[in-house]
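Q: Here's a structure for you.
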Amino acid sequence: MLAVAFALDDTLAATTESVDPVALRFAEEAALDVPRALEAQRIAPRPGALRVVRELEALGVPLAILAPGPADVAQRTAELVWFAGPAVVGEHPDGVPAPAAFAALCAHFALPAECVWYVTGRADADARAACSAGLQGVFIDPAADAPEPDARGLRRVAAIGDVLELLRGPYTRSALNMRYLMRTVLDWS
């Protein structure tokens with residue numbers, strides 16, 4: 001079994017400071033929640049992010065977002081990019097997730113650290129911290145050329161869509177292991 005956690009940064013969504021004045025006026029005239037309309041304009045899914053999330057969901061891979069702040073804010077941000085998974089809150093001193101944050105992820109998934117993949121696009125320090133905590137760290141780096149792990153186990157991919165290819169091997173092994181376990185359990189009964 002494996003699980004994937006995304007950092008609540010620009011991994012799944014890009015943030016912009018520009019606001020469409022026509023859309024804002026429409027929101028005001030339609031008596032919509034203007035702060036929510038502004039927030040939705042400033043946060044947009046990254047190309048390929050929705051496909052990655054939907055394909056992982058279809059495979060039954062447990063998903064979550066690791067957030068530094070209040071869970072309700074993280075959950076609202078996740079919903080803006082159509083992410084239905086839960087937000088796990090963990091301490092981020094100096095902007096980098098603390099080991100306790102990664103432990104909270106593992107506890108949430110009820111999986112050992114080596115079965116949890118942490119994907120971030122903000123800083124390779126985040127992914128390195130995940131590797132130090134025993135997780136599989138993935139850093140989205142447009143300059144990446146090969147997803148082979150470095151000496152610390154950190155993997156770099158050029159785009160979020162490459163995460164699917166990176167997980168294909170471990171997922172297949174995980175699914176085959178689960179199939180073997182189920183067959184063994186059924187044979188015992």
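Order determines the names: the first chain of the structure tokens is A, the second B, and so forth; residues in each chain are numbered 1 upward, and ligands are numbered 1 upward as they are shown.
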Mind checking which residues fall within 9 Å of A:Ala74, counting only C-alpha atoms, ignoring those fewer than 6 positions away in the same chain, and posting them as a list of chain:residue names?
A: A:Leu8, A:Ile65, A:Leu66, A:Ala67, A:Pro68, A:Pro86, A:Ala87, A:Val88, A:Val89
Q: Print the selection's residues with N, CA, C and O atoms to a file, as a PDB file, in the first residue's frame.
A:
```pdb
ATOM      1  N   LEU A   8       0.946  21.953   0.588  1.00  0.00           N
ATOM      2  CA  LEU A   8       0.030  23.057   0.319  1.00  0.00           C
ATOM      3  C   LEU A   8       0.887  24.263  -0.051  1.00  0.00           C
ATOM      4  O   LEU A   8       1.210  25.097   0.762  1.00  0.00           O
ATOM      5  N   ILE A  65      -3.284  16.520   1.789  1.00  0.00           N
ATOM      6  CA  ILE A  65      -2.456  17.715   1.638  1.00  0.00           C
ATOM      7  C   ILE A  65      -1.835  17.990   2.999  1.00  0.00           C
ATOM      8  O   ILE A  65      -2.513  17.907   4.025  1.00  0.00           O
ATOM      9  N   LEU A  66      -0.543  18.301   3.018  1.00  0.00           N
ATOM     10  CA  LEU A  66       0.131  18.694   4.253  1.00  0.00           C
ATOM     11  C   LEU A  66       0.166  20.213   4.288  1.00  0.00           C
ATOM     12  O   LEU A  66       0.699  20.849   3.379  1.00  0.00           O
ATOM     13  N   ALA A  67      -0.445  20.780   5.314  1.00  0.00           N
ATOM     14  CA  ALA A  67      -0.585  22.229   5.404  1.00  0.00           C
ATOM     15  C   ALA A  67       0.072  22.757   6.674  1.00  0.00           C
ATOM     16  O   ALA A  67       0.047  22.094   7.705  1.00  0.00           O
ATOM     17  N   PRO A  68       0.625  23.963   6.607  1.00  0.00           N
ATOM     18  CA  PRO A  68       1.255  24.539   7.785  1.00  0.00           C
ATOM     19  C   PRO A  68       0.285  25.235   8.728  1.00  0.00           C
ATOM     20  O   PRO A  68       0.596  25.473   9.870  1.00  0.00           O
ATOM     21  N   PRO A  86      -8.286  15.025   2.461  1.00  0.00           N
ATOM     22  CA  PRO A  86      -8.194  15.816   3.686  1.00  0.00           C
ATOM     23  C   PRO A  86      -6.916  16.649   3.749  1.00  0.00           C
ATOM     24  O   PRO A  86      -5.942  16.361   3.050  1.00  0.00           O
ATOM     25  N   ALA A  87      -6.964  17.667   4.582  1.00  0.00           N
ATOM     26  CA  ALA A  87      -5.780  18.471   4.859  1.00  0.00           C
ATOM     27  C   ALA A  87      -5.246  18.047   6.224  1.00  0.00           C
ATOM     28  O   ALA A  87      -5.970  18.031   7.206  1.00  0.00           O
ATOM     29  N   VAL A  88      -3.990  17.669   6.266  1.00  0.00           N
ATOM     30  CA  VAL A  88      -3.333  17.295   7.510  1.00  0.00           C
ATOM     31  C   VAL A  88      -2.462  18.473   7.912  1.00  0.00           C
ATOM     32  O   VAL A  88      -1.643  18.948   7.129  1.00  0.00           O
ATOM     33  N   VAL A  89      -2.657  18.963   9.111  1.00  0.00           N
ATOM     34  CA  VAL A  89      -1.908  20.131   9.574  1.00  0.00           C
ATOM     35  C   VAL A  89      -0.680  19.667  10.329  1.00  0.00           C
ATOM     36  O   VAL A  89      -0.747  18.771  11.166  1.00  0.00           O
TER      37      VAL A  89
END
```
Q: Using DSSP secondary structure from the backbone, list all alpha helix (DSSP H) positions within stretch 87-132 of chain A, as a PyMOL selection string.
A: chain A and resi 99-109+124-132
Q: Identify, on the basis of only C-alpha atoms, every residue whose closest approach to stretch 94-103 of chain A does not exceed 10 Å; exclude the query and any residue fewer than 5 positions from it along the same chain; express the result as a list in words.
A: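 Skipping anything fewer than 5 positions along the chain leaves Ala5, Ala7, Leu66, Ala67, Pro68, Val88, Val89, His108, Phe109, Leu111, Pro112, Ala113, Val116, Tyr118, Arg122, Ala123, Asp124, Ala125, Asp126, Ala127, Arg128, Ala129, Ala130, Cys131, Ser132, Ala133, Gly134 and Leu135 of chain A.
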